[in-house]
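A.B. asks: Enclosed is the structure file target.cif (mmCIF, C-alpha atoms and all ligand atoms).
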```cif
data_query
loop_
_atom_site.label_atom_id
_atom_site.label_comp_id
_atom_site.auth_asym_id
_atom_site.auth_seq_id
_atom_site.Cartn_x
_atom_site.Cartn_y
_atom_site.Cartn_z
CA MET A 721 15.05 15.51 -21.34
CA PRO A 722 17.27 18.58 -21.38
CA LEU A 723 16.62 21.00 -24.15
CA ILE A 724 19.87 21.80 -25.85
CA MET A 725 20.47 24.80 -28.02
CA LEU A 726 23.58 25.01 -30.03
CA VAL A 727 24.72 28.55 -30.56
CA GLY A 728 27.71 29.29 -32.63
CA VAL A 729 29.35 32.62 -32.08
CA ALA A 730 32.18 33.85 -34.17
CA ALA A 731 34.97 35.19 -32.06
CA ARG A 732 36.93 38.06 -33.34
CA ARG A 733 40.51 38.15 -32.49
CA PRO A 734 43.13 40.31 -34.09
CA THR A 735 45.32 37.49 -35.34
CA GLU A 736 43.01 34.59 -36.13
CA ARG A 737 39.37 33.86 -36.86
CA GLY A 738 38.04 31.03 -34.79
CA GLY A 739 34.72 29.94 -33.36
CA PHE A 740 33.31 28.59 -30.17
CA ILE A 741 30.13 26.93 -29.19
CA LEU A 742 28.02 27.60 -26.15
CA LEU A 743 25.71 24.85 -24.97
CA PHE A 744 22.53 26.28 -23.53
CA GLY A 745 19.75 24.15 -22.20
CA SER A 746 17.57 23.37 -19.30
CA LYS A 747 17.33 20.56 -16.84
CA ARG A 748 14.72 19.33 -14.36
CA VAL A 749 15.96 19.30 -10.80
CA MET A 750 14.00 17.64 -8.02
CA SER A 751 14.37 18.82 -4.44
CA ASN A 752 12.78 17.83 -1.17
CA GLU A 753 10.76 20.52 0.49
CA THR A 754 11.60 21.21 4.06
CA GLY A 755 8.75 20.68 6.45
CA GLU A 756 7.00 17.98 8.35
CA ALA A 757 5.54 14.90 6.71
CA VAL A 758 1.86 15.35 5.86
CA ASP A 759 -0.56 13.76 8.28
CA ALA A 760 -2.47 11.78 5.65
CA ARG A 761 -2.64 8.22 4.43
CA CYS A 762 -0.87 7.25 1.20
CA PRO A 763 -3.64 6.21 -1.23
CA ARG A 764 -1.33 3.63 -2.76
CA CYS A 765 0.29 1.75 0.14
CA GLY A 766 -1.89 2.95 3.04
CA ALA A 767 1.06 4.13 5.17
CA THR A 768 0.49 7.20 7.33
CA GLY A 769 2.98 9.97 7.96
CA SER A 770 5.11 9.00 4.96
CA LEU A 771 4.01 11.74 2.54
CA LYS A 772 6.44 14.56 1.83
CA GLY A 773 6.46 17.52 -0.46
CA ILE A 774 8.86 17.67 -3.40
CA ARG A 775 9.48 20.43 -5.88
CA VAL A 776 10.50 19.90 -9.47
CA ARG A 777 12.08 22.93 -11.08
CA GLN A 778 13.40 23.62 -14.50
CA TRP A 779 16.94 25.07 -14.36
CA PHE A 780 18.67 27.05 -17.02
CA THR A 781 21.92 25.31 -17.75
CA ILE A 782 25.05 26.11 -19.61
CA PHE A 783 27.39 23.27 -20.50
CA PHE A 784 24.99 21.08 -18.50
CA CYS A 785 25.66 23.05 -15.31
CA PRO A 786 22.56 24.52 -13.68
CA LEU A 787 22.84 28.29 -13.49
CA PHE A 788 19.54 29.47 -12.07
CA PRO A 789 16.03 28.12 -11.69
CA LEU A 790 13.31 28.98 -14.19
CA GLY A 791 10.11 29.82 -12.38
CA SER A 792 9.05 28.40 -9.04
CA GLY A 793 8.58 24.86 -10.31
CA GLN A 794 5.87 22.35 -9.77
CA ARG A 795 5.06 20.85 -6.42
CA PHE A 796 4.28 17.20 -5.83
CA THR A 797 3.60 14.93 -2.92
CA GLN A 798 5.63 11.77 -2.64
CA CYS A 799 5.33 8.74 -0.39
CA THR A 800 8.67 7.87 1.20
CA LYS A 801 7.48 4.32 1.79
CA CYS A 802 6.31 3.18 -1.65
CA ASN A 803 7.75 6.08 -3.72
CA ALA A 804 4.42 6.86 -5.40
CA SER A 805 4.09 10.52 -6.30
CA PHE A 806 0.95 12.58 -6.65
CA ALA A 807 0.55 15.76 -8.70
CA MET A 808 -0.67 17.88 -5.80
CA PRO A 809 1.17 19.92 -3.18
CA PRO A 810 1.21 18.31 0.27
CA GLU A 811 -1.14 20.74 2.05
CA GLN A 812 -3.74 20.38 -0.70
CA PHE A 813 -3.18 16.65 -0.61
CA ALA A 814 -3.84 16.50 3.13
CA GLY A 815 -7.03 18.54 2.62
CA ALA A 816 -8.26 16.24 -0.16
CA ALA A 817 -7.39 13.14 1.86
CA ALA A 818 -9.21 14.51 4.91
CA LYS A 819 -12.25 15.23 2.75
CA ALA A 820 -12.19 11.70 1.29
CA ASP A 821 -11.89 10.24 4.79
CA ALA A 822 -14.83 12.35 5.96
CA VAL A 823 -16.95 11.00 3.09
CA GLN A 824 -15.98 7.43 3.96
CA THR A 825 -16.70 8.00 7.63
CA GLN A 826 -20.15 9.30 6.70
CA ARG A 827 -20.65 6.19 4.57
CA SER A 828 -19.71 3.96 7.49
CA ILE A 829 -22.23 5.74 9.74
CA THR A 830 -24.97 5.20 7.14
CA MET A 831 -24.10 1.51 6.92
CA TYR A 832 -24.06 1.16 10.69
CA ASN A 833 -27.54 2.69 10.92
CA SER A 834 -28.82 0.42 8.18
CA LEU A 835 -27.46 -2.59 10.09
CA ARG A 836 -29.25 -1.47 13.25
CA ASN A 837 -32.48 -1.73 11.25
CA SER A 838 -31.58 -5.09 9.71
CA PRO A 839 -28.96 -6.74 11.93
CA ALA A 840 -28.91 -9.96 9.85
CA ASN A 841 -27.69 -8.22 6.69
CA SER A 842 -24.36 -9.93 6.02
CA VAL A 843 -23.70 -8.01 2.79
CA THR A 844 -23.77 -4.66 4.58
CA LEU A 845 -21.71 -5.95 7.51
CA ASN A 846 -19.08 -7.24 5.09
CA GLU A 847 -18.96 -3.91 3.26
CA LEU A 848 -18.72 -2.03 6.55
CA MET A 849 -15.80 -4.16 7.77
CA GLN A 850 -14.02 -3.73 4.44
CA LEU A 851 -14.54 0.02 4.61
CA TYR A 852 -13.13 0.18 8.16
CA GLY A 853 -10.25 -2.00 7.01
CA SER A 854 -9.44 0.38 4.14
CA LEU A 855 -9.51 3.31 6.58
CA GLY A 856 -7.11 1.45 8.89
CA GLU A 857 -9.81 1.36 11.59
CA TYR A 858 -9.40 -2.30 12.51
CA LYS A 859 -10.83 -1.96 16.02
CA GLN A 860 -14.01 -0.48 14.56
CA ALA A 861 -14.26 -3.41 12.15
CA VAL A 862 -13.94 -5.90 15.02
CA SER A 863 -16.56 -4.11 17.11
CA ALA A 864 -18.96 -3.96 14.12
CA ALA A 865 -18.63 -7.75 13.81
CA ALA A 866 -19.32 -8.11 17.55
CA ASP A 867 -22.37 -5.82 17.30
CA PHE A 868 -24.01 -7.87 14.54
CA PRO A 869 -23.34 -11.54 15.37
CA VAL A 870 -26.28 -12.84 13.30
CA ALA A 871 -24.94 -11.23 10.12
CA LEU A 872 -21.44 -12.50 10.94
CA ASN A 873 -22.39 -16.09 11.72
CA ASN A 874 -24.54 -16.42 8.61
CA SER A 875 -21.77 -15.50 6.21
CA GLU A 876 -18.42 -17.13 5.48
CA GLN A 877 -17.51 -13.97 3.54
CA CYS A 878 -17.95 -11.87 6.70
CA MET A 879 -15.83 -14.39 8.61
CA VAL A 880 -13.01 -14.16 6.06
CA THR A 881 -13.13 -10.36 6.12
CA LEU A 882 -12.97 -10.38 9.91
CA GLY A 883 -10.03 -12.78 9.71
CA ARG A 884 -8.28 -10.38 7.33
CA VAL A 885 -8.86 -7.56 9.81
CA TYR A 886 -7.14 -9.67 12.50
CA VAL A 887 -4.25 -10.38 10.09
CA SER A 888 -3.86 -6.59 9.65
CA GLN A 889 -3.65 -6.32 13.44
CA ASN A 890 -1.05 -9.13 13.54
CA ASP A 891 -3.45 -11.22 15.64
CA TYR A 892 -2.92 -14.44 13.70
CA ALA A 893 -4.50 -16.78 16.27
CA ALA A 894 -7.82 -14.91 16.10
CA ALA A 895 -7.52 -14.69 12.30
CA LEU A 896 -7.06 -18.47 11.99
CA GLN A 897 -10.19 -19.10 14.08
CA TRP A 898 -12.27 -17.08 11.64
CA PHE A 899 -10.70 -18.59 8.52
CA ASP A 900 -11.42 -22.06 9.90
CA ALA A 901 -14.98 -21.04 10.77
CA ALA A 902 -15.46 -19.81 7.19
CA LEU A 903 -13.97 -23.02 5.76
CA ALA A 904 -16.26 -25.12 7.98
CA ARG A 905 -19.19 -23.46 6.18
CA ASN A 906 -17.58 -23.58 2.76
CA PRO A 907 -14.45 -25.75 2.37
CA ASP A 908 -13.82 -24.42 -1.17
CA LEU A 909 -13.35 -20.79 -0.24
CA PRO A 910 -9.97 -19.88 -1.80
CA GLU A 911 -9.81 -16.46 -0.11
CA ALA A 912 -10.02 -18.18 3.29
CA GLN A 913 -7.34 -20.71 2.29
CA PHE A 914 -5.04 -17.98 1.01
CA TYR A 915 -5.19 -15.82 4.13
CA LYS A 916 -5.08 -18.90 6.34
CA ALA A 917 -1.74 -19.67 4.69
CA VAL A 918 -0.61 -16.08 5.33
CA ALA A 919 -1.57 -16.36 9.01
CA HIS A 920 0.25 -19.71 9.41
CA LEU A 921 3.36 -18.27 7.80
CA ARG A 922 3.41 -14.98 9.72
CA GLY A 923 2.23 -16.32 13.07
CA THR A 924 4.53 -17.21 15.97
CA PRO A 925 5.57 -19.91 15.82
CA SER A 926 5.41 -19.89 12.05
CA ASP A 927 4.00 -23.11 10.57
CA PRO A 928 5.26 -23.28 6.97
CA ALA A 929 3.91 -26.82 6.41
CA LYS A 930 0.34 -25.74 7.21
CA ALA A 931 0.90 -22.58 5.18
CA ILE A 932 1.96 -24.62 2.14
CA ALA A 933 -1.08 -26.91 2.45
CA ALA A 934 -3.52 -23.98 2.63
CA ALA A 935 -1.77 -22.03 -0.14
CA ARG A 936 -1.96 -25.07 -2.43
CA MET A 937 -5.73 -25.16 -1.93
CA ALA A 938 -5.86 -21.47 -2.87
CA ARG A 939 -3.72 -22.14 -5.94
CA LYS A 940 -6.09 -24.88 -7.10
CA ALA A 941 -8.74 -22.17 -7.33
CA GLU A 942 -6.22 -19.86 -9.03
CA TRP A 943 -6.27 -17.31 -6.23
CA PRO A 944 -3.88 -14.47 -7.24
CA GLY A 945 -0.56 -14.55 -5.39
CA ALA A 946 -0.92 -18.17 -4.26
CA ASP A 947 2.16 -19.24 -6.24
CA ASP A 948 4.38 -16.61 -4.61
CA LEU A 949 3.01 -17.49 -1.21
CA ILE A 950 3.85 -21.18 -1.75
CA SER A 951 7.43 -20.27 -2.75
CA GLU A 952 7.80 -18.10 0.33
CA ALA A 953 6.40 -20.83 2.60
CA GLU A 954 8.66 -23.44 0.98
CA ALA A 955 11.70 -21.21 1.56
CA ALA A 956 10.64 -20.78 5.20
CA ALA A 957 10.17 -24.55 5.52
CA GLY A 958 13.69 -25.07 4.12
CA ASN A 959 15.15 -22.62 6.64
CA SER A 960 13.42 -24.20 9.61
CA ASN A 961 14.60 -27.67 8.50
CA ASP A 962 18.15 -26.33 8.44
CA GLU A 963 17.72 -25.01 11.96
CA ILE A 964 16.45 -28.39 13.16
CA ARG A 965 19.39 -30.13 11.49
CA MET A 966 21.80 -27.70 13.11
CA THR A 967 20.36 -28.20 16.60
CA ASN A 968 20.48 -31.98 16.13
CA GLN A 969 24.15 -31.97 15.22
ZN ZN A 1001 2.84 4.92 -0.22
#
```
As structure tokens, please, write out the structure in this file.
C.D. replies:
Amino acid sequence: MPLIMLVGVAARRPTERGGFILLFGSKRVMSNETGEAVDARCPRCGATGSLKGIRVRQWFTIFFCPLFPLGSGQRFTQCTKCNASFAMPPEQFAGAAAKADAVQTQRSITMYNSLRNSPANSVTLNELMQLYGSLGEYKQAVSAAADFPVALNNSEQCMVTLGRVYVSQNDYAAALQWFDAALARNPDLPEAQFYKAVAHLRGTPSDPAKAIAAARMARKAEWPGADDLISEAEAAAGNSNDEIRMTNQ
């Protein structure tokens, strides 16, 4: 919100007495900083290499035209992918993100060691895979599952998490295997139904009919997002029917 000051100044002219008004104020101007994108993950959308520095400066304005900047401004970091902005300059942001990653990596090592001592602990394996997933380390998550097969095969939750890891890697065939394995143990697992629908929809070839069926099961259990997924699958089903009709004509 620009701050406007109205200043009336009486002008003195030999023949007439008049007045004029000067509009002073200030305005916030945002500019992109030059420089490379920061090599850190966006905490909001998880994208890497999308964080850039921006500078917000207050400008002194006259008649709403910026004249000169007031101070050096405040520096932010913004994600070019999801547009989230963070009140920290990019270099500090990268440092903080690296520190957070280091803490998480240490946590994953601790969990790995604990699993070596009790390889049947499904709760820890599930947490470890989720942690790797949140760090974008999908290969590590898959190899953790392979290292502790007892923990994996005793837990439908571990199977679903592994399936989600495969979805993140766009390996929908492998993901579907694990969702089905989880559902064989527990047919009422809405998380498995939901992501099974995602895998059917995104896979090649896409199978909207199977996606709709699985998403409806997830909706019955009120899994968040199931409604939107059904709409998307129904739209995809409509499109593929049109294609079939067109090829038949
Ligand atoms: Zn982002």
A.B. asks: Calculate how many Å separate CA of Lys940 in chain A from CA of Glu954 in chain A, rounding to one decimal.
C.D. replies: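 The value is 16.9 Å.
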A.B. asks: Report as an MDAnalysis selection string which protein, DNA and RNA residues come within 9 Å of ligand ZN 1001 (chain A), using only C-alpha atoms and all ligand atoms.
C.D. replies: chainID A and resid 761:768 770:771 798:805
A.B. asks: Would you mind listing what lies within 12 Å of range 827-843 of chain A as a PyMOL selection string, with only C-alpha atoms counted and same-chain residues fewer than 2 positions away left out?
C.D. replies: chain A and resi 820-825+845-855+857+860-861+863-879+881
A.B. asks: Please determine, counting only C-alpha atoms, which residue among A:Arg775, A:Pro925, A:Phe780, A:Leu790 has the shortest atom-to-atom distance to Met808 in chain A.
C.D. replies: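 Selected residue with least distance to Met808 in chain A: A:Arg775.
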A.B. asks: Could you tell me how far CA of Ile932 in chain A sits from CA of His920 in chain A, in Å to one decimal place?
C.D. replies: 8.9 Å
A.B. asks: Which residues are near Asp927 in chain A? Cut-off 10 Å, only C-alpha atoms, ignore same chain within fewer than 4 positions. Put them as a PDB file with C-alpha atoms, keeping the file's coordinate frame.
C.D. replies:
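Dumped everything to part34.pdb:
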```pdb
ATOM      1  CA  ALA A 917      -1.740 -19.670   4.690  1.00  0.00           C
ATOM      2  CA  VAL A 918      -0.610 -16.080   5.330  1.00  0.00           C
ATOM      3  CA  ALA A 919      -1.570 -16.360   9.010  1.00  0.00           C
ATOM      4  CA  HIS A 920       0.250 -19.710   9.410  1.00  0.00           C
ATOM      5  CA  LEU A 921       3.360 -18.270   7.800  1.00  0.00           C
ATOM      6  CA  ARG A 922       3.410 -14.980   9.720  1.00  0.00           C
ATOM      7  CA  GLY A 923       2.230 -16.320  13.070  1.00  0.00           C
ATOM      8  CA  ALA A 931       0.900 -22.580   5.180  1.00  0.00           C
ATOM      9  CA  ILE A 932       1.960 -24.620   2.140  1.00  0.00           C
ATOM     10  CA  ALA A 953       6.400 -20.830   2.600  1.00  0.00           C
ATOM     11  CA  ALA A 956      10.640 -20.780   5.200  1.00  0.00           C
ATOM     12  CA  ALA A 957      10.170 -24.550   5.520  1.00  0.00           C
ATOM     13  CA  SER A 960      13.420 -24.200   9.610  1.00  0.00           C
TER      14      SER A 960
END
```
A.B. asks: Would you list the residues near (-6.8, -15.8, 6.9) (no more than 6 Å away, in the coordinates of the file, using all atoms listed in the file) as a list of chain:residue names?
C.D. replies: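 Looking at atoms near the point gives A:Gly883, A:Arg884, A:Ala895, A:Leu896, A:Phe899, A:Ala912, A:Tyr915, A:Lys916, A:Ala919.
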A.B. asks: Quick one, how far is CA of Pro910 in chain A from CA of Pro944 in chain A?
C.D. replies: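 Calculated distance between CA of Pro910 in chain A and CA of Pro944 in chain A is 9.8 Å.
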A.B. asks: Find the residues near Pro907 in chain A: any atom within 12 Å, counting all atoms listed in the file, skip ones fewer than 4 places away on the same chain, and give them as a compact mmCIF listing (two decimals) with C-alpha atoms, keeping the file's coordinate frame.
C.D. replies:
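New file around.txt:
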```txt
# COMPACT_ATOMS: atom_id res chain seq x y z
CA GLU A 876 -18.42 -17.13 5.48
CA PHE A 899 -10.70 -18.59 8.52
CA ASP A 900 -11.42 -22.06 9.90
CA ALA A 901 -14.98 -21.04 10.77
CA ALA A 902 -15.46 -19.81 7.19
CA LEU A 903 -13.97 -23.02 5.76
CA GLU A 911 -9.81 -16.46 -0.11
CA ALA A 912 -10.02 -18.18 3.29
CA GLN A 913 -7.34 -20.71 2.29
CA ALA A 934 -3.52 -23.98 2.63
CA MET A 937 -5.73 -25.16 -1.93
CA ALA A 938 -5.86 -21.47 -2.87
CA ALA A 941 -8.74 -22.17 -7.33
```
A.B. asks: In file coordinates, which residues lie within 10 Å of (19.1, 29.4, -16.1) using all atoms listed in the file, given as a list in words?
C.D. replies: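 Neighbouring residues, ordered by chain and number, come to Phe744, Gly745, Ser746, Lys747, Gln778, Trp779, Phe780, Thr781, Ile782, Cys785, Pro786, Leu787, Phe788, Pro789, Leu790 and Gly791 of chain A.
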A.B. asks: Ranking A:Ala893, A:Leu882, A:Ala814, A:Val776 by minimum distance to Ala760 in chain A and counting all atoms listed in the file, which one comes first?
C.D. replies: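 The closest residue to Ala760 in chain A is A:Ala814.
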